[in-house]
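Notes follow once the structure below has been shown.
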Amino acid sequence: MKVFIDPPNSLVLFDIVERFGHEPLSAMAAIQEKIDNLEIDMPPMNMTLDDVVRGLKYAGVEVPSGIRGRLAMWGPMIEEADAAIIMDDAPYSFGCVGCERSNEMLKYLIKKRNIPILHVVYPSDEEDAKNFVISAKEFLEGLSK
Amino acid sequence: MTIKIAELSCGTEYSSVQHEIEKAALSVGAKMVYPDVSADDVDDAVKRFGFNPRSNQLKLMIARATSLADGKYDADAVFICTCFRCAEAALVRNELRRFIQDNTNLPVVTYSFTERLKAPQMLTRMEALVTIVSRKELLARERQTGLTAGLDSGSSTTKAVIMQDNKIIGKAWTTSGNVIESADQVLMEAMKQAGIELKDLEAIGTTGYGRYTLGKHYNAKLVQEELTVNSKGAVWLANKQRGEATILDIGGMDNKAITVRDGVPDNFTMGGICAGASGRFLEMTAKRMKVDIEDLGPLAMKGDWRNAKMNSYCSIFGIQDLVTQLGEGKTFEDVAAAACHSVAEQVYEQQLQEIDIRHPIIQVGGTSLISGLVKAVGEILGELPIVPPDSQYIGAVGGALLSSGFL
Amino acid sequence: MSEERETRLLMISPNSMLTPDQLVRSIHAMNKEVKVKETCYGCLVEGRRDIVKEVLCQVRKKYTNEVFSKRRAYPAGDPRRCRAQHGTRPGYCQLEAEWALLSNVQYGLECADRGETVEQTPVKGPFSVRDFKRICEE
């Protein structure tokens, strides 16, 4: 199954989803689609004005352009997802997940899909990590492949 | 030498504007760089800075600024930019600008962008950053020498000034039409006043929108953006070459606010999204009222803006407000005062928030001749700006002054 | 090309005794048609998607719970993301932060392998106003 991960660029979540037999839907895949397009020369990410305009599907023009651009990239993936794992309060979310308002909207869009969602807490010690991994494992194994 | 401009930003890549920023930098011989920081630096920097934004990219901006302040990363100038309409980012952007100014000697400019940003909009700002870094000695010049001319090809008017031995000996202006023809006309007129011919001129400096075209046409020794050139002209005209000052230039198309220390600019803001906050709006007002633009100022001086409130942020709706007010029988004086107040208020709200005002305030440019506008600016800032003689000639004077540095 | 190329970032858990050099050598020893680039945290593996996945599968088998992986959007050495061009990009801090988390995740995976179950820890809620009032009055 296709499992959306949030933060969408997380190494840990990507690895866990894949390890337990599912396909992670990540920011990396979406960005690769863009940067491998040889017809556009807009480094570093080949984001175009049209992409940002497509973000209007998720948020109005009064919303900052960076949020609309991010949503334009993640929105289609969320629509494609069969399930999602969300790490709440991940303190390491830099880069594409550097905007907290975008991240809040992202969580909301996932919730609106009515797909199976697992919320995990950022593990701050070994016991937390154990609970995080085991609950992710149980969740992922419970999804039909 | 490539000038390294440190970029402290949030949202540029996802707004599809990063490429435009880099293109603008490249075209003026600069390069955008990101100060190196590690994940641990981010937490420490945020704690030290004392402002803890929710968005991690803003935390990263803080860490990068701290790296510059601590001299751990070497850059020549700083460009701070975030998405337009993001409140969290606007707070961080402004406070980081202050932090950089308090802790480094680097010139800094801030900007809030939309996805429509294109490289040419950034060009003047980037060029000014590069000028401040690479032409420090030239910008420190306080006296004009020899026989030189300055040409300022602005969006509304074209101005020429002839200077000799630190004195203005000829000056002329006209409304801008064809860039070269308008410049030729004012240059001829100014030379006639000065009693000289083109061949006598030892150097020419050009600035304003048409600077490149004129620079090529006249083989000018100095072709430089209007931010640095105007600020030099302003401090020379106001005789405020030493100490601090803020130069305010409400232009026909865009407005500039520049802070200077000993005549050298170190921070500036340039805005031009809305005509409602520019000289153009006052021109439209005068036209609608069927008075000469020269008469608008004295009219406004006699009026009270409180009697004819204009609550508009757009030149179109602003004129609509104006028509309504006139229709209701408000006096021309009050309406003129309201128009001046509206422009001053918007300049204050949209632009002067992006810099820290230093005193005195020197108001220049064609609009500084509209006394009602100067009064309105004074009321809003709590201090009447200084308007030096020949204040509309700042760009041309700056061009003549700085080009003499090449003799 | 996107269907074809896959670039993988392989990161070694801080608790592991494995070094990037050993990891790279062991991938080379698999004799697969992939490019391998050693990095400070592990390595980058790049090649055709199916081959890269085979490599990953073998790495996971050999170094169970010690090596973690995610896709990388940019090909190895792409100037658009190269540190030498501009300085560190935002994603760098994130990798650093996630690297620090890996030893805990490794421990979690080992527990999961042993069949351990989730321990419910009581969630601390906000202190009730009534209790707080009572303490103040005491």
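Residues in the structure tokens are named by chain (A, B, ... in the order shown) and by number from 1 within that chain; ligands are numbered from 1 in the order shown.
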
Within 8 Å of stretch 3-11 of chain C using only C-alpha atoms, minus same-chain residues under 6 positions, as JSON, numbers by chain:
{"C": [41, 42, 43, 44, 45, 46, 47, 48, 49, 52, 67, 68, 69, 70, 71, 72, 73, 74, 75, 76, 99]}

Tell me which protein, DNA and RNA residues are within 10 Å of stretch 48-51 of chain B, counting only C-alpha atoms, leaving out same-chain ones fewer than 3 positions away, and put them as an NGL selection string.
:B and (42-45 or 54 or 59 or 62-63 or 65-66 or 91-92 or 95-96 or 99)

Let me see the file: selected residues, N, CA, C and O atoms, as a PDB file, in the first residue's frame.
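selection.pdb was written with the following content:
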ATOM      1  N   VAL B  42      21.471  25.356  15.480  1.00  0.00           N
ATOM      2  CA  VAL B  42      20.140  25.945  15.330  1.00  0.00           C
ATOM      3  C   VAL B  42      19.511  26.170  16.707  1.00  0.00           C
ATOM      4  O   VAL B  42      19.053  27.280  17.015  1.00  0.00           O
ATOM      5  N   ASP B  43      19.532  25.136  17.548  1.00  0.00           N
ATOM      6  CA  ASP B  43      18.926  25.276  18.882  1.00  0.00           C
ATOM      7  C   ASP B  43      19.630  26.365  19.699  1.00  0.00           C
ATOM      8  O   ASP B  43      18.987  27.189  20.345  1.00  0.00           O
ATOM      9  N   ASP B  44      20.960  26.341  19.658  1.00  0.00           N
ATOM     10  CA  ASP B  44      21.733  27.332  20.428  1.00  0.00           C
ATOM     11  C   ASP B  44      21.419  28.748  19.951  1.00  0.00           C
ATOM     12  O   ASP B  44      21.217  29.663  20.760  1.00  0.00           O
ATOM     13  N   ALA B  45      21.383  28.905  18.634  1.00  0.00           N
ATOM     14  CA  ALA B  45      21.166  30.241  18.062  1.00  0.00           C
ATOM     15  C   ALA B  45      19.785  30.772  18.435  1.00  0.00           C
ATOM     16  O   ALA B  45      19.638  31.943  18.792  1.00  0.00           O
ATOM     17  N   ARG B  54       7.760  28.967  15.336  1.00  0.00           N
ATOM     18  CA  ARG B  54       7.317  27.575  15.182  1.00  0.00           C
ATOM     19  C   ARG B  54       7.932  26.928  13.945  1.00  0.00           C
ATOM     20  O   ARG B  54       8.190  25.737  13.925  1.00  0.00           O
ATOM     21  N   LYS B  59      13.921  29.184  12.078  1.00  0.00           N
ATOM     22  CA  LYS B  59      14.970  28.933  13.072  1.00  0.00           C
ATOM     23  C   LYS B  59      16.318  28.830  12.363  1.00  0.00           C
ATOM     24  O   LYS B  59      17.333  29.312  12.856  1.00  0.00           O
ATOM     25  N   ILE B  62      17.694  32.134  11.650  1.00  0.00           N
ATOM     26  CA  ILE B  62      18.301  32.727  12.847  1.00  0.00           C
ATOM     27  C   ILE B  62      19.712  32.163  13.048  1.00  0.00           C
ATOM     28  O   ILE B  62      20.659  32.899  13.336  1.00  0.00           O
ATOM     29  N   ALA B  63      19.849  30.850  12.864  1.00  0.00           N
ATOM     30  CA  ALA B  63      21.168  30.225  13.044  1.00  0.00           C
ATOM     31  C   ALA B  63      22.163  30.755  12.013  1.00  0.00           C
ATOM     32  O   ALA B  63      23.328  31.006  12.317  1.00  0.00           O
ATOM     33  N   ALA B  65      22.057  33.681  10.565  1.00  0.00           N
ATOM     34  CA  ALA B  65      22.387  35.070  10.930  1.00  0.00           C
ATOM     35  C   ALA B  65      23.418  35.078  12.052  1.00  0.00           C
ATOM     36  O   ALA B  65      24.352  35.887  12.054  1.00  0.00           O
ATOM     37  N   THR B  66      23.252  34.159  13.003  1.00  0.00           N
ATOM     38  CA  THR B  66      24.190  34.082  14.127  1.00  0.00           C
ATOM     39  C   THR B  66      25.580  33.695  13.631  1.00  0.00           C
ATOM     40  O   THR B  66      26.589  34.225  14.099  1.00  0.00           O
ATOM     41  N   LEU B  91       7.971  38.962  11.209  1.00  0.00           N
ATOM     42  CA  LEU B  91       8.572  39.324  12.499  1.00  0.00           C
ATOM     43  C   LEU B  91      10.043  38.917  12.526  1.00  0.00           C
ATOM     44  O   LEU B  91      10.913  39.704  12.913  1.00  0.00           O
ATOM     45  N   VAL B  92      10.309  37.695  12.116  1.00  0.00           N
ATOM     46  CA  VAL B  92      11.687  37.201  12.139  1.00  0.00           C
ATOM     47  C   VAL B  92      12.559  37.999  11.167  1.00  0.00           C
ATOM     48  O   VAL B  92      13.678  38.387  11.498  1.00  0.00           O
ATOM     49  N   GLU B  95      13.437  41.422  12.658  1.00  0.00           N
ATOM     50  CA  GLU B  95      14.328  41.340  13.823  1.00  0.00           C
ATOM     51  C   GLU B  95      15.721  40.848  13.414  1.00  0.00           C
ATOM     52  O   GLU B  95      16.717  41.272  13.989  1.00  0.00           O
ATOM     53  N   LEU B  96      15.776  39.973  12.433  1.00  0.00           N
ATOM     54  CA  LEU B  96      17.091  39.509  11.964  1.00  0.00           C
ATOM     55  C   LEU B  96      17.848  40.630  11.272  1.00  0.00           C
ATOM     56  O   LEU B  96      19.064  40.725  11.380  1.00  0.00           O
ATOM     57  N   PHE B  99      19.331  42.549  13.961  1.00  0.00           N
ATOM     58  CA  PHE B  99      20.394  41.749  14.563  1.00  0.00           C
ATOM     59  C   PHE B  99      21.676  41.823  13.716  1.00  0.00           C
ATOM     60  O   PHE B  99      22.767  42.015  14.239  1.00  0.00           O
TER      61      PHE B  99
END

Using only C-alpha atoms, find which residues of chain B lie within 9 Å of chain A and jot them down as a PyMOL selection string.
chain B and resi 10-20+39+54-60+82-86+113-116

Could you take the residues named above and write them with N, CA and C atoms, as an mmCIF file, in the first residue's frame?
data_model
loop_
_atom_site.group_PDB
_atom_site.id
_atom_site.type_symbol
_atom_site.label_atom_id
_atom_site.label_comp_id
_atom_site.auth_asym_id
_atom_site.auth_seq_id
_atom_site.Cartn_x
_atom_site.Cartn_y
_atom_site.Cartn_z
ATOM 1 N N CYS B 10 13.110 32.034 3.648
ATOM 2 C CA CYS B 10 12.152 30.958 3.868
ATOM 3 C C CYS B 10 11.158 31.019 2.711
ATOM 4 N N GLY B 11 10.936 29.884 2.076
ATOM 5 C CA GLY B 11 9.887 29.801 1.055
ATOM 6 C C GLY B 11 10.296 30.119 -0.365
ATOM 7 N N THR B 12 11.565 30.472 -0.591
ATOM 8 C CA THR B 12 11.953 30.900 -1.942
ATOM 9 C C THR B 12 11.857 29.761 -2.963
ATOM 10 N N GLU B 13 12.258 28.574 -2.535
ATOM 11 C CA GLU B 13 12.262 27.460 -3.498
ATOM 12 C C GLU B 13 10.838 27.032 -3.826
ATOM 13 N N TYR B 14 9.989 26.974 -2.807
ATOM 14 C CA TYR B 14 8.612 26.523 -3.025
ATOM 15 C C TYR B 14 7.731 27.611 -3.643
ATOM 16 N N SER B 15 8.251 28.837 -3.694
ATOM 17 C CA SER B 15 7.505 29.908 -4.355
ATOM 18 C C SER B 15 7.991 30.081 -5.785
ATOM 19 N N SER B 16 8.930 29.254 -6.191
ATOM 20 C CA SER B 16 9.538 29.286 -7.524
ATOM 21 C C SER B 16 10.293 30.591 -7.794
ATOM 22 N N VAL B 17 10.843 31.203 -6.757
ATOM 23 C CA VAL B 17 11.566 32.471 -6.969
ATOM 24 C C VAL B 17 13.072 32.365 -6.703
ATOM 25 N N GLN B 18 13.532 31.243 -6.184
ATOM 26 C CA GLN B 18 14.951 31.115 -5.873
ATOM 27 C C GLN B 18 15.811 31.350 -7.128
ATOM 28 N N HIS B 19 15.356 30.794 -8.220
ATOM 29 C CA HIS B 19 16.092 30.936 -9.476
ATOM 30 C C HIS B 19 16.184 32.408 -9.880
ATOM 31 N N GLU B 20 15.104 33.141 -9.675
ATOM 32 C CA GLU B 20 15.077 34.560 -10.057
ATOM 33 C C GLU B 20 16.051 35.366 -9.187
ATOM 34 N N ALA B 39 22.852 21.204 12.938
ATOM 35 C CA ALA B 39 21.568 21.104 13.643
ATOM 36 C C ALA B 39 21.685 21.631 15.077
ATOM 37 N N ARG B 54 7.760 28.967 15.336
ATOM 38 C CA ARG B 54 7.317 27.575 15.182
ATOM 39 C C ARG B 54 7.932 26.928 13.945
ATOM 40 N N SER B 55 8.141 27.714 12.909
ATOM 41 C CA SER B 55 8.651 27.150 11.659
ATOM 42 C C SER B 55 10.161 26.968 11.715
ATOM 43 N N ASN B 56 10.581 25.744 11.411
ATOM 44 C CA ASN B 56 12.002 25.433 11.522
ATOM 45 C C ASN B 56 12.874 26.168 10.513
ATOM 46 N N GLN B 57 12.320 26.477 9.367
ATOM 47 C CA GLN B 57 13.125 27.196 8.384
ATOM 48 C C GLN B 57 13.485 28.587 8.920
ATOM 49 N N LEU B 58 12.588 29.161 9.712
ATOM 50 C CA LEU B 58 12.875 30.474 10.305
ATOM 51 C C LEU B 58 13.947 30.325 11.387
ATOM 52 N N LYS B 59 13.921 29.184 12.078
ATOM 53 C CA LYS B 59 14.970 28.933 13.072
ATOM 54 C C LYS B 59 16.318 28.830 12.363
ATOM 55 N N LEU B 60 16.283 28.204 11.213
ATOM 56 C CA LEU B 60 17.515 28.061 10.436
ATOM 57 C C LEU B 60 18.033 29.439 9.997
ATOM 58 N N THR B 82 11.418 36.572 2.801
ATOM 59 C CA THR B 82 10.422 35.582 3.219
ATOM 60 C C THR B 82 9.150 35.823 2.407
ATOM 61 N N CYS B 83 8.219 34.892 2.534
ATOM 62 C CA CYS B 83 6.966 35.009 1.776
ATOM 63 C C CYS B 83 6.153 36.230 2.223
ATOM 64 N N PHE B 84 5.604 36.920 1.246
ATOM 65 C CA PHE B 84 4.670 38.018 1.499
ATOM 66 C C PHE B 84 3.447 37.447 2.206
ATOM 67 N N ARG B 85 2.937 38.132 3.171
ATOM 68 C CA ARG B 85 1.742 37.767 3.940
ATOM 69 C C ARG B 85 1.990 36.727 5.030
ATOM 70 N N CYS B 86 3.228 36.373 5.300
ATOM 71 C CA CYS B 86 3.475 35.433 6.404
ATOM 72 C C CYS B 86 3.888 36.258 7.623
ATOM 73 N N PHE B 113 8.423 38.433 -0.865
ATOM 74 C CA PHE B 113 8.132 38.134 -2.269
ATOM 75 C C PHE B 113 6.811 37.388 -2.425
ATOM 76 N N THR B 114 6.284 37.453 -3.633
ATOM 77 C CA THR B 114 5.186 36.572 -4.027
ATOM 78 C C THR B 114 5.753 35.676 -5.121
ATOM 79 N N GLU B 115 4.946 34.733 -5.580
ATOM 80 C CA GLU B 115 5.431 33.823 -6.616
ATOM 81 C C GLU B 115 5.654 34.538 -7.943
ATOM 82 N N ARG B 116 5.201 35.794 -8.031
ATOM 83 C CA ARG B 116 5.342 36.538 -9.292
ATOM 84 C C ARG B 116 6.685 37.250 -9.400
#

Please, which residues in chain C fall within 7 Å of chain B when counting only C-alpha atoms, and what is the closest atom pair and distance in Å to one decimal for each, ordered by chain then residue number, as a tab-separated table?
residue	atom	partner	partner_atom	distance
C:His86	CA	B:Val33	CA	4.5
C:Gly87	CA	B:Tyr34	CA	4.9
C:Thr88	CA	B:Asp36	CA	5.3
C:Cys93	CA	B:Ala39	CA	4.6
C:Glu96	CA	B:Ala39	CA	6.2
C:Ala97	CA	B:Ala39	CA	6.1

Pull out every residue of chain A sitting within 8 Å of chain C, counting only C-alpha atoms, and send them as a ChimeraX atom specification.
/A:10-12,14-15,28-33,35-36,43-45,92-96,123,125-127,129-135,137
